[in-house]
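Reproduced below: structure-v8.cif, with mmCIF, C-alpha atoms.
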```cif
data_entry
#
loop_
_atom_site.group_PDB
_atom_site.id
_atom_site.type_symbol
_atom_site.label_atom_id
_atom_site.label_comp_id
_atom_site.auth_asym_id
_atom_site.auth_seq_id
_atom_site.Cartn_x
_atom_site.Cartn_y
_atom_site.Cartn_z
ATOM 1 C CA MET V 1 18.056 13.841 -22.719
ATOM 2 C CA PRO V 2 16.386 10.568 -21.552
ATOM 3 C CA ILE V 3 12.877 9.687 -22.607
ATOM 4 C CA LEU V 4 10.540 9.653 -19.604
ATOM 5 C CA LEU V 5 8.026 6.833 -19.644
ATOM 6 C CA PRO V 6 4.696 6.870 -17.797
ATOM 7 C CA PHE V 7 5.295 5.344 -14.370
ATOM 8 C CA HIS V 8 3.007 2.361 -14.897
ATOM 9 C CA THR V 9 5.085 1.233 -17.901
ATOM 10 C CA HIS V 10 8.523 2.077 -16.528
ATOM 11 C CA PRO V 11 10.583 -1.154 -16.413
ATOM 12 C CA GLN V 12 12.342 -0.261 -13.135
ATOM 13 C CA ARG V 13 9.406 1.041 -11.141
ATOM 14 C CA GLY V 14 9.994 -1.124 -8.045
ATOM 15 C CA LEU V 15 8.166 -3.845 -6.165
ATOM 16 C CA ILE V 16 5.377 -1.876 -4.462
ATOM 17 C CA PRO V 17 4.108 -0.181 -7.658
ATOM 18 C CA ARG V 18 4.203 -3.535 -9.465
ATOM 19 C CA VAL V 19 2.180 -5.201 -6.687
ATOM 20 C CA ILE V 20 -0.378 -2.379 -6.741
ATOM 21 C CA THR V 21 -0.731 -2.687 -10.514
ATOM 22 C CA GLN V 22 -1.097 -6.482 -10.322
ATOM 23 C CA LEU V 23 -3.630 -6.303 -7.477
ATOM 24 C CA PHE V 24 -5.975 -3.950 -9.296
ATOM 25 C CA SER V 25 -5.466 -5.827 -12.565
ATOM 26 C CA GLU V 26 -6.529 -9.082 -10.860
ATOM 27 C CA LEU V 27 -9.524 -7.422 -9.199
ATOM 28 C CA GLN V 28 -10.692 -6.029 -12.543
ATOM 29 C CA SER V 29 -10.215 -9.308 -14.432
ATOM 30 C CA LYS V 30 -11.938 -11.721 -12.023
ATOM 31 C CA PRO V 31 -15.606 -12.469 -12.602
ATOM 32 C CA SER V 32 -17.734 -11.544 -9.603
ATOM 33 C CA GLN V 33 -18.517 -15.180 -8.748
ATOM 34 C CA GLU V 34 -14.790 -15.966 -8.446
ATOM 35 C CA CYS V 35 -14.365 -13.039 -6.044
ATOM 36 C CA LYS V 36 -17.535 -14.150 -4.212
ATOM 37 C CA VAL V 37 -18.957 -10.640 -4.344
ATOM 38 C CA THR V 38 -21.640 -9.129 -6.517
ATOM 39 C CA THR V 39 -19.603 -6.151 -7.708
ATOM 40 C CA LEU V 40 -16.068 -4.850 -7.559
ATOM 41 C CA ARG V 41 -17.295 -2.066 -5.275
ATOM 42 C CA ALA V 42 -17.992 -4.636 -2.567
ATOM 43 C CA LEU V 43 -14.243 -5.107 -2.220
ATOM 44 C CA LYS V 44 -12.265 -2.754 -0.026
ATOM 45 C CA VAL V 45 -8.563 -2.126 -0.595
ATOM 46 C CA THR V 46 -6.681 -0.389 2.189
ATOM 47 C CA ILE V 47 -3.057 0.666 2.140
ATOM 48 C CA SER V 48 -0.574 1.242 4.937
ATOM 49 C CA TYR V 49 3.116 2.016 4.657
ATOM 50 C CA LEU V 50 5.262 0.841 7.550
ATOM 51 C CA GLU V 51 8.992 1.466 7.789
ATOM 52 C CA ILE V 52 11.167 -0.557 10.136
ATOM 53 C CA TYR V 53 14.449 1.197 10.839
ATOM 54 C CA ASN V 54 16.876 0.493 13.691
ATOM 55 C CA ASP V 55 14.262 -1.590 15.528
ATOM 56 C CA SER V 56 11.788 1.314 15.401
ATOM 57 C CA LEU V 57 8.471 1.366 13.526
ATOM 58 C CA TYR V 58 7.402 4.401 11.513
ATOM 59 C CA ASP V 59 4.010 5.055 9.927
ATOM 60 C CA LEU V 60 4.864 6.672 6.591
ATOM 61 C CA LEU V 61 1.280 7.892 6.119
ATOM 62 C CA ASP V 62 1.356 9.785 9.412
ATOM 63 C CA ILE V 63 4.597 11.671 9.881
ATOM 64 C CA THR V 64 3.490 12.850 13.338
ATOM 65 C CA THR V 65 3.512 9.312 14.755
ATOM 66 C CA ALA V 66 6.473 8.615 17.004
ATOM 67 C CA PRO V 67 8.013 5.138 16.765
ATOM 68 C CA HIS V 68 6.786 4.144 20.227
ATOM 69 C CA GLU V 69 3.135 4.764 19.270
ATOM 70 C CA ILE V 70 3.034 1.781 16.905
ATOM 71 C CA ASN V 71 2.875 -1.693 18.416
ATOM 72 C CA VAL V 72 3.106 -5.131 16.826
ATOM 73 C CA TYR V 73 1.672 -8.211 18.494
ATOM 74 C CA GLU V 74 0.581 -11.728 17.594
ATOM 75 C CA ASP V 75 -2.877 -12.866 18.668
ATOM 76 C CA ARG V 76 -3.997 -16.358 19.696
ATOM 77 C CA THR V 77 -4.556 -17.400 16.086
ATOM 78 C CA SER V 78 -0.963 -16.421 15.140
ATOM 79 C CA LYS V 79 -2.201 -13.389 13.205
ATOM 80 C CA VAL V 80 0.192 -10.441 13.364
ATOM 81 C CA ASN V 81 -1.542 -7.170 14.275
ATOM 82 C CA ILE V 82 -0.179 -3.646 14.117
ATOM 83 C CA VAL V 83 -1.833 -1.093 16.387
ATOM 84 C CA GLY V 84 -1.506 2.597 15.623
ATOM 85 C CA LEU V 85 -0.771 2.243 11.907
ATOM 86 C CA ARG V 86 -2.842 4.480 9.644
ATOM 87 C CA SER V 87 -4.724 2.802 6.773
ATOM 88 C CA VAL V 88 -6.181 4.600 3.771
ATOM 89 C CA THR V 89 -8.926 3.118 1.588
ATOM 90 C CA VAL V 90 -8.255 3.403 -2.137
ATOM 91 C CA ALA V 91 -10.618 2.690 -5.009
ATOM 92 C CA SER V 92 -8.174 2.464 -7.893
ATOM 93 C CA GLU V 93 -4.602 1.821 -8.922
ATOM 94 C CA LYS V 94 -4.229 5.522 -9.659
ATOM 95 C CA GLU V 95 -5.222 6.473 -6.087
ATOM 96 C CA ALA V 96 -2.868 3.876 -4.591
ATOM 97 C CA LEU V 97 0.085 5.024 -6.699
ATOM 98 C CA ALA V 98 -0.650 8.679 -5.932
ATOM 99 C CA LEU V 99 -0.547 7.846 -2.227
ATOM 100 C CA LEU V 100 2.772 6.041 -2.689
ATOM 101 C CA PHE V 101 4.264 9.020 -4.539
ATOM 102 C CA GLU V 102 2.999 11.397 -1.843
ATOM 103 C CA VAL V 103 4.820 9.331 0.803
ATOM 104 C CA GLY V 104 7.953 9.260 -1.345
ATOM 105 C CA ARG V 105 7.989 13.042 -1.750
ATOM 106 C CA GLU V 106 7.670 13.560 2.008
ATOM 107 C CA LEU V 107 10.693 11.345 2.625
ATOM 108 C CA LEU V 108 12.963 13.274 0.279
#
```
Would you write the structure of this file as structure tokens?
Amino acid sequence: MPILLPFHTHPQRGLIPRVITQLFSELQSKPSQECKVTTLRALKVTISYLEIYNDSLYDLLDITTAPHEINVYEDRTSKVNIVGLRSVTVASEKEALALLFEVGRELL
């Protein structure tokens, strides 16, 4: 029987969980003057999960969204914008990973 490691220490946990861990690690380790905010709470982390499959866009946080309801466009400043994609604000690595696992369970 294999030994199950906690997800945050699992060596093959994937790119998205590693990025989430690194992001919150960096936010916690930076002094407030480097982040140019007075406290960590002044920062806002939002997460969206977008799947592109067969030239269709799917919002993985909103399973009711049809592919045609999400639009991608580039504005005058060359910034790419996605309209119709749900974003969720998270306050911790634990919340972000829980959201990721919730999406993963729905896809199975």
message = Can you spell out as a list in words the set of residues that the PyMOL selection byres ((chain V and resi 20) around 12) selects in the structure I just provided?
response = His8, Arg13, Gly14, Leu15, Ile16, Pro17, Arg18, Val19, Thr21, Gln22, Leu23, Phe24, Ser25, Glu26, Leu27, Val45, Thr46, Ile47, Val90, Ala91, Ser92, Glu93, Lys94, Glu95, Ala96, Leu97, Ala98, Leu99 and Leu100 of chain V
Report as a ChimeraX atom specification the full result of the PyMOL selection byres ((chain V and resi 58) around 12) when it is applied to this structure.
/V:48-57,59-72,82-86,107
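Between atom CA of Asp75 of chain V and atom CA of Thr89 of chain V lies a distance of 24.2 Å.
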Size and centre in Å, one decimal, axis-aligned box, all listed segment 68-72 of chain V atoms plus 6 Å per side, as AutoDock Vina command-line options:
```
--center_x 4.8 --center_y -0.2 --center_z 18.5 --size_x 15.9 --size_y 21.9 --size_z 15.4
```
Please, can segment 42-66 of chain V be completed to N, CA and C atoms and returned as an mmCIF file, in the coordinates of the input?
```
data_model
loop_
_atom_site.group_PDB
_atom_site.id
_atom_site.type_symbol
_atom_site.label_atom_id
_atom_site.label_comp_id
_atom_site.auth_asym_id
_atom_site.auth_seq_id
_atom_site.Cartn_x
_atom_site.Cartn_y
_atom_site.Cartn_z
ATOM 1 N N ALA V 42 -17.834 -3.958 -3.855
ATOM 2 C CA ALA V 42 -17.992 -4.636 -2.567
ATOM 3 C C ALA V 42 -16.631 -4.939 -1.947
ATOM 4 N N LEU V 43 -15.584 -4.879 -2.747
ATOM 5 C CA LEU V 43 -14.243 -5.107 -2.220
ATOM 6 C C LEU V 43 -13.687 -3.803 -1.669
ATOM 7 N N LYS V 44 -12.869 -3.925 -0.647
ATOM 8 C CA LYS V 44 -12.265 -2.754 -0.026
ATOM 9 C C LYS V 44 -10.758 -2.968 0.021
ATOM 10 N N VAL V 45 -10.018 -2.052 -0.595
ATOM 11 C CA VAL V 45 -8.563 -2.126 -0.595
ATOM 12 C C VAL V 45 -8.052 -1.005 0.299
ATOM 13 N N THR V 46 -7.280 -1.387 1.319
ATOM 14 C CA THR V 46 -6.681 -0.389 2.189
ATOM 15 C C THR V 46 -5.165 -0.509 2.119
ATOM 16 N N ILE V 47 -4.510 0.629 2.251
ATOM 17 C CA ILE V 47 -3.057 0.666 2.140
ATOM 18 C C ILE V 47 -2.467 1.291 3.394
ATOM 19 N N SER V 48 -1.386 0.701 3.855
ATOM 20 C CA SER V 48 -0.574 1.242 4.937
ATOM 21 C C SER V 48 0.879 1.141 4.502
ATOM 22 N N TYR V 49 1.689 2.074 4.940
ATOM 23 C CA TYR V 49 3.116 2.016 4.657
ATOM 24 C C TYR V 49 3.862 2.066 5.978
ATOM 25 N N LEU V 50 4.533 0.981 6.300
ATOM 26 C CA LEU V 50 5.262 0.841 7.550
ATOM 27 C C LEU V 50 6.755 0.730 7.250
ATOM 28 N N GLU V 51 7.545 1.545 7.925
ATOM 29 C CA GLU V 51 8.992 1.466 7.789
ATOM 30 C C GLU V 51 9.567 0.927 9.095
ATOM 31 N N ILE V 52 10.452 -0.034 8.977
ATOM 32 C CA ILE V 52 11.167 -0.557 10.136
ATOM 33 C C ILE V 52 12.621 -0.132 9.972
ATOM 34 N N TYR V 53 13.097 0.668 10.926
ATOM 35 C CA TYR V 53 14.449 1.197 10.839
ATOM 36 C C TYR V 53 15.061 1.214 12.229
ATOM 37 N N ASN V 54 16.191 0.561 12.388
ATOM 38 C CA ASN V 54 16.876 0.493 13.691
ATOM 39 C C ASN V 54 15.934 0.036 14.807
ATOM 40 N N ASP V 55 15.200 -1.016 14.558
ATOM 41 C CA ASP V 55 14.262 -1.590 15.528
ATOM 42 C C ASP V 55 13.141 -0.641 15.938
ATOM 43 N N SER V 56 12.901 0.398 15.151
ATOM 44 C CA SER V 56 11.788 1.314 15.401
ATOM 45 C C SER V 56 10.810 1.225 14.241
ATOM 46 N N LEU V 57 9.526 1.420 14.534
ATOM 47 C CA LEU V 57 8.471 1.366 13.526
ATOM 48 C C LEU V 57 7.988 2.775 13.217
ATOM 49 N N TYR V 58 7.859 3.082 11.942
ATOM 50 C CA TYR V 58 7.402 4.401 11.513
ATOM 51 C C TYR V 58 6.224 4.250 10.556
ATOM 52 N N ASP V 59 5.170 5.008 10.808
ATOM 53 C CA ASP V 59 4.010 5.055 9.927
ATOM 54 C C ASP V 59 4.282 6.119 8.882
ATOM 55 N N LEU V 60 4.510 5.723 7.640
ATOM 56 C CA LEU V 60 4.864 6.672 6.591
ATOM 57 C C LEU V 60 3.669 7.484 6.092
ATOM 58 N N LEU V 61 2.453 7.099 6.473
ATOM 59 C CA LEU V 61 1.280 7.892 6.119
ATOM 60 C C LEU V 61 0.947 8.925 7.191
ATOM 61 N N ASP V 62 1.601 8.846 8.318
ATOM 62 C CA ASP V 62 1.356 9.785 9.412
ATOM 63 C C ASP V 62 2.707 10.192 9.988
ATOM 64 N N ILE V 63 3.254 11.275 9.479
ATOM 65 C CA ILE V 63 4.597 11.671 9.881
ATOM 66 C C ILE V 63 4.658 12.189 11.311
ATOM 67 N N THR V 64 3.498 12.386 11.950
ATOM 68 C CA THR V 64 3.490 12.850 13.338
ATOM 69 C C THR V 64 3.609 11.700 14.329
ATOM 70 N N THR V 65 3.473 10.467 13.861
ATOM 71 C CA THR V 65 3.512 9.312 14.755
ATOM 72 C C THR V 65 4.945 9.011 15.187
ATOM 73 N N ALA V 66 5.166 8.983 16.469
ATOM 74 C CA ALA V 66 6.473 8.615 17.004
ATOM 75 C C ALA V 66 6.606 7.095 16.960
#
```
